[in-house]
Amino acid sequence: MARLIMLGPPGAGKGTQAQRLCAKLGIPQISTGDMLRAAVAAGTEMGKAADSYMSAGKLVPDEVVVGIVKDRLAQDDAQGGFILDGFPRTVPQAEALEEAGVALQGAINVVVPAELLVERVTGRVTCRDCKSMYHTKYNPPAKDGVCDNCGGTDLYTRSDDTEEVFRQRLTSYEAKTAPLVAFYQSRSLCHDVDGVGDLDEIQARIEAIVVSLQG
Ligand code: ADP
Ligand code: ADP
Ligand code: ZN
């Protein structure tokens, strides 16, 4: 049973690869970014509180995110495995996961040099309907403006995918999230994956790790 997390800076390809792997394994992709954006769009109290952090490229407070993830992991479809994408992002979040008794099989750390990230993030477009991710240059949909997965025609650019907000997100990553690499290394759970290359190539690298973890 796969119980994995994706680590890596904004734009590393965590979401893209988590989506592919989850489809293949038939397990849910649990993306805190997607859940927070849904709360913002729905205008809930939590969404309103999260919005100011997200649009500034800052991390949403740990207690908010930990609460969302605990609720999500308690749902039926997560009992047969899951991939956490974008969580944990701080050491206290990782500790909360351990304290909740969630035994991870591994952390996939997608390694991409910082200079490649800005172009990935500023070219990212997402399908409003099914959340499939594309890149205007590196991974465009087969038909311009139409989602390959669901046929949706609302491919949008996230409001935080500007160069300016990206810089702040990268700063947050380096200060708060990068220490998780050492955290998971010390538990022998961290598996680095070279995140430079085409999508299929990187997927194959990740699958090789996942297979080794099941064995
Ligand atoms: P990316 O895919 O670019 O890494 P995400 O969609 O994961 O971005 O996250 C978008 C924003 O949502 C973050 O900049 C942050 O404000 C918030 N966020 C997502 N996950 C977390 C988390 N685990 N802890 C705190 N904030 C989070
Ligand atoms: P993350 O979830 O880590 O923020 P995403 O999976 O959303 O990253 O990818 C960010 C952007 O980069 C998307 O537009 C995606 O299509 C593109 N992308 C993902 N992997 C690659 C890759 N290996 N090479 C080029 N572009 C990529
Ligand atoms: Zn779609």
# chains A, B, ... in the order shown; residues from 1 in each chain; ligands from 1
>>> residues_around(residues="segment 174-176 of chain A", least_positions_apart="2", cutoff="10 Å", atoms="only C-alpha atoms", output="list in words")
Gly8, Pro9, Leu59, Arg89, Thr90, Val91, Pro92, Gln168, Arg169, Leu170, Thr171, Ser172, Ala178, Pro179 and Leu180 of chain A
>>> residues_near_ligand(ligand="ligand 2", cutoff="7 Å", atoms="only C-alpha atoms and all ligand atoms", output="PDB file with C-alpha atoms, in the first residue's frame")
ATOM      1  CA  GLY A   8      10.402  19.708  -3.773  1.00  0.00           C
ATOM      2  CA  PRO A   9      10.314  23.417  -4.545  1.00  0.00           C
ATOM      3  CA  PRO A  10       7.382  25.153  -6.262  1.00  0.00           C
ATOM      4  CA  GLY A  11       7.359  24.119  -9.916  1.00  0.00           C
ATOM      5  CA  ALA A  12       9.444  20.975  -9.439  1.00  0.00           C
ATOM      6  CA  GLY A  13       6.698  18.809 -10.953  1.00  0.00           C
ATOM      7  CA  LYS A  14       5.286  17.316  -7.743  1.00  0.00           C
ATOM      8  CA  GLY A  15       1.659  17.779  -8.755  1.00  0.00           C
ATOM      9  CA  THR A  16       2.159  16.524 -12.295  1.00  0.00           C
ATOM     10  CA  GLN A  17       3.922  13.375 -11.157  1.00  0.00           C
ATOM     11  CA  ARG A 120       7.972  26.219 -15.203  1.00  0.00           C
ATOM     12  CA  VAL A 121       5.780  28.147 -12.788  1.00  0.00           C
ATOM     13  CA  GLY A 123       4.057  28.814 -17.906  1.00  0.00           C
ATOM     14  CA  ARG A 124       1.785  26.606 -15.801  1.00  0.00           C
ATOM     15  CA  VAL A 125      -1.899  26.365 -16.717  1.00  0.00           C
ATOM     16  CA  MET A 133      -1.804  20.567 -15.252  1.00  0.00           C
ATOM     17  CA  TYR A 134      -0.178  21.778 -18.450  1.00  0.00           C
ATOM     18  CA  HIS A 135       2.707  23.992 -19.447  1.00  0.00           C
ATOM     19  CA  TYR A 138       6.816  22.064 -22.102  1.00  0.00           C
ATOM     20  CA  ASN A 139       3.535  20.208 -21.816  1.00  0.00           C
ATOM     21  CA  GLY A 195      13.377  16.254 -11.837  1.00  0.00           C
ATOM     22  CA  VAL A 196      15.045  17.470 -15.024  1.00  0.00           C
ATOM     23  CA  GLY A 197      13.964  15.696 -18.187  1.00  0.00           C
ATOM     24  CA  ASP A 198      10.710  14.904 -19.898  1.00  0.00           C
ATOM     25  CA  LEU A 199       7.623  13.939 -17.959  1.00  0.00           C
ATOM     26  CA  ILE A 202      10.761  11.379 -14.570  1.00  0.00           C
TER      27      ILE A 202
END
>>> atom_distance(atom1="atom CA of Lys131 of chain A", atom2="atom CA of Lys143 of chain A")
16.8 Å
>>> residues_near_ligand(ligand="ligand 1", cutoff="6 Å", atoms="only C-alpha atoms and all ligand atoms", output="VMD selection string")
chain A and resid 10 to 11 32 to 34 53 to 54 57 to 61 65 86 to 89 169
>>> write_last_selection(atoms="all heavy atoms", output="CSV table (one decimal), in the first residue's frame")
chain,number,residue,atom,x,y,z
A,10,PRO,N,8.5,24.8,-5.4
A,10,PRO,CA,7.4,25.2,-6.3
A,10,PRO,C,7.8,25.0,-7.7
A,10,PRO,O,8.9,25.5,-8.1
A,10,PRO,CB,7.0,26.6,-5.9
A,10,PRO,CG,8.2,27.1,-5.1
A,10,PRO,CD,8.8,26.0,-4.5
A,11,GLY,N,7.0,24.3,-8.5
A,11,GLY,CA,7.4,24.1,-9.9
A,11,GLY,C,8.2,22.9,-10.2
A,11,GLY,O,8.6,22.7,-11.4
A,32,THR,N,-2.6,19.8,-0.7
A,32,THR,CA,-3.1,20.9,0.2
A,32,THR,C,-3.3,22.2,-0.6
A,32,THR,O,-4.3,22.9,-0.3
A,32,THR,CB,-2.1,21.1,1.3
A,32,THR,OG1,-0.8,21.1,0.8
A,32,THR,CG2,-2.3,20.1,2.4
A,33,GLY,N,-2.5,22.4,-1.7
A,33,GLY,CA,-2.7,23.6,-2.5
A,33,GLY,C,-4.1,23.6,-3.1
A,33,GLY,O,-4.8,24.5,-3.1
A,34,ASP,N,-4.5,22.4,-3.7
A,34,ASP,CA,-5.8,22.3,-4.4
A,34,ASP,C,-6.9,22.5,-3.3
A,34,ASP,O,-7.9,23.1,-3.6
A,34,ASP,CB,-6.0,20.9,-5.0
A,34,ASP,CG,-5.2,20.7,-6.3
A,34,ASP,OD1,-4.7,21.8,-6.8
A,34,ASP,OD2,-5.1,19.6,-6.8
A,53,TYR,N,-2.3,34.7,2.8
A,53,TYR,CA,-1.0,34.0,2.8
A,53,TYR,C,-0.7,33.6,1.4
A,53,TYR,O,0.4,33.8,0.9
A,53,TYR,CB,-1.0,32.8,3.7
A,53,TYR,CG,-1.2,33.2,5.2
A,53,TYR,CD1,-2.5,33.1,5.7
A,53,TYR,CD2,-0.2,33.6,5.9
A,53,TYR,CE1,-2.7,33.4,7.1
A,53,TYR,CE2,-0.3,33.9,7.3
A,53,TYR,CZ,-1.6,33.8,7.8
A,53,TYR,OH,-1.8,34.1,9.2
A,54,MET,N,-1.6,32.9,0.7
A,54,MET,CA,-1.3,32.3,-0.6
A,54,MET,C,-1.0,33.4,-1.6
A,54,MET,O,0.0,33.2,-2.4
A,54,MET,CB,-2.5,31.5,-1.0
A,54,MET,CG,-2.8,30.3,-0.1
A,54,MET,SD,-4.3,29.4,-0.5
A,54,MET,CE,-3.8,28.5,-1.9
A,57,GLY,N,2.5,34.5,-1.3
A,57,GLY,CA,3.5,33.4,-1.4
A,57,GLY,C,4.0,33.0,-0.1
A,57,GLY,O,5.1,32.4,0.0
A,58,LYS,N,3.3,33.2,1.0
A,58,LYS,CA,3.6,32.8,2.3
A,58,LYS,C,2.9,31.5,2.6
A,58,LYS,O,1.9,31.2,2.1
A,58,LYS,CB,3.2,33.8,3.3
A,58,LYS,CG,3.8,35.2,3.1
A,58,LYS,CD,5.1,35.4,3.9
A,58,LYS,CE,5.9,36.6,3.4
A,58,LYS,NZ,5.4,37.9,3.9
A,59,LEU,N,3.4,30.7,3.6
A,59,LEU,CA,2.8,29.5,4.0
A,59,LEU,C,1.6,29.8,4.9
A,59,LEU,O,1.6,30.7,5.7
A,59,LEU,CB,3.8,28.6,4.7
A,59,LEU,CG,4.9,28.0,3.8
A,59,LEU,CD1,5.8,27.1,4.7
A,59,LEU,CD2,4.4,27.2,2.7
A,60,VAL,N,0.5,29.0,4.7
A,60,VAL,CA,-0.7,29.1,5.5
A,60,VAL,C,-0.3,28.5,6.9
A,60,VAL,O,0.5,27.5,6.9
A,60,VAL,CB,-1.8,28.3,4.8
A,60,VAL,CG1,-3.0,28.2,5.7
A,60,VAL,CG2,-2.2,29.0,3.5
A,61,PRO,N,-0.8,29.0,8.0
A,61,PRO,CA,-0.4,28.5,9.3
A,61,PRO,C,-0.5,27.0,9.4
A,61,PRO,O,-1.5,26.4,8.9
A,61,PRO,CB,-1.3,29.3,10.3
A,61,PRO,CG,-1.6,30.5,9.6
A,61,PRO,CD,-1.7,30.2,8.1
A,65,VAL,N,-3.5,23.9,8.1
A,65,VAL,CA,-3.2,22.9,7.0
A,65,VAL,C,-3.3,21.5,7.7
A,65,VAL,O,-3.8,20.5,7.1
A,65,VAL,CB,-1.9,23.2,6.4
A,65,VAL,CG1,-1.6,22.2,5.3
A,65,VAL,CG2,-1.8,24.6,5.9
A,86,GLY,N,2.5,18.5,-1.6
A,86,GLY,CA,2.5,19.8,-1.0
A,86,GLY,C,2.3,19.8,0.5
A,86,GLY,O,2.2,20.9,1.1
A,87,PHE,N,2.3,18.7,1.1
A,87,PHE,CA,2.2,18.5,2.6
A,87,PHE,C,3.0,17.3,3.0
A,87,PHE,O,2.9,16.3,2.3
A,87,PHE,CB,0.8,18.4,3.0
A,87,PHE,CG,0.6,18.2,4.5
A,87,PHE,CD1,0.3,19.3,5.3
A,87,PHE,CD2,0.8,17.0,5.1
A,87,PHE,CE1,0.2,19.2,6.7
A,87,PHE,CE2,0.7,16.9,6.5
A,87,PHE,CZ,0.4,18.0,7.3
A,88,PRO,N,3.8,17.3,4.0
A,88,PRO,CA,4.1,18.5,4.9
A,88,PRO,C,5.0,19.5,4.2
A,88,PRO,O,5.8,19.1,3.3
A,88,PRO,CB,4.8,17.8,6.1
A,88,PRO,CG,5.4,16.6,5.6
A,88,PRO,CD,4.4,16.1,4.5
A,89,ARG,N,5.0,20.7,4.7
A,89,ARG,CA,5.9,21.7,4.1
A,89,ARG,C,6.7,22.4,5.2
A,89,ARG,O,7.4,23.3,4.9
A,89,ARG,CB,5.0,22.8,3.5
A,89,ARG,CG,5.1,22.9,2.0
A,89,ARG,CD,4.3,24.1,1.6
A,89,ARG,NE,4.3,24.5,0.3
A,89,ARG,CZ,3.6,24.1,-0.8
A,89,ARG,NH1,2.9,23.0,-0.6
A,89,ARG,NH2,3.7,24.6,-1.9
A,169,ARG,N,7.6,32.5,-2.8
A,169,ARG,CA,7.4,31.0,-2.5
A,169,ARG,C,8.7,30.3,-2.4
A,169,ARG,O,8.8,29.4,-1.6
A,169,ARG,CB,6.4,30.5,-3.6
A,169,ARG,CG,5.0,30.9,-3.4
A,169,ARG,CD,4.2,30.9,-4.7
A,169,ARG,NE,4.1,29.5,-5.3
A,169,ARG,CZ,3.8,29.3,-6.5
A,169,ARG,NH1,3.6,30.3,-7.4
A,169,ARG,NH2,3.7,28.0,-7.0
>>> atom_distance(atom1="atom CA of Thr162 of chain A", atom2="atom CA of Ser52 of chain A")
15.4 Å
>>> residues_around(residues="Ile83 of chain A", least_positions_apart="6", cutoff="9 Å", atoms="only C-alpha atoms", output="MDAnalysis selection string")
chainID A and resid 2:6 18:19 21:22 27:31
>>> residues_near_ligand(ligand="ligand 3", cutoff="12 Å", atoms="only C-alpha atoms and all ligand atoms", output="list of chain:residue names")
A:Val125, A:Thr126, A:Cys127, A:Arg128, A:Asp129, A:Cys130, A:Lys131, A:Ser132, A:Met133, A:Tyr134, A:Pro141, A:Gly145, A:Val146, A:Cys147, A:Asp148, A:Asn149, A:Cys150, A:Gly151, A:Gly152, A:Thr153, A:Asp154, A:Leu155, A:Tyr156
>>> closest_residue(among="A:Val193, A:Val66, A:Ala103, A:Ala78", to="Arg205 of chain A", atoms="only C-alpha atoms")
A:Val193
>>> atom_distance(atom1="atom CA of Asp76 of chain A", atom2="atom CA of Val102 of chain A")
14.9 Å
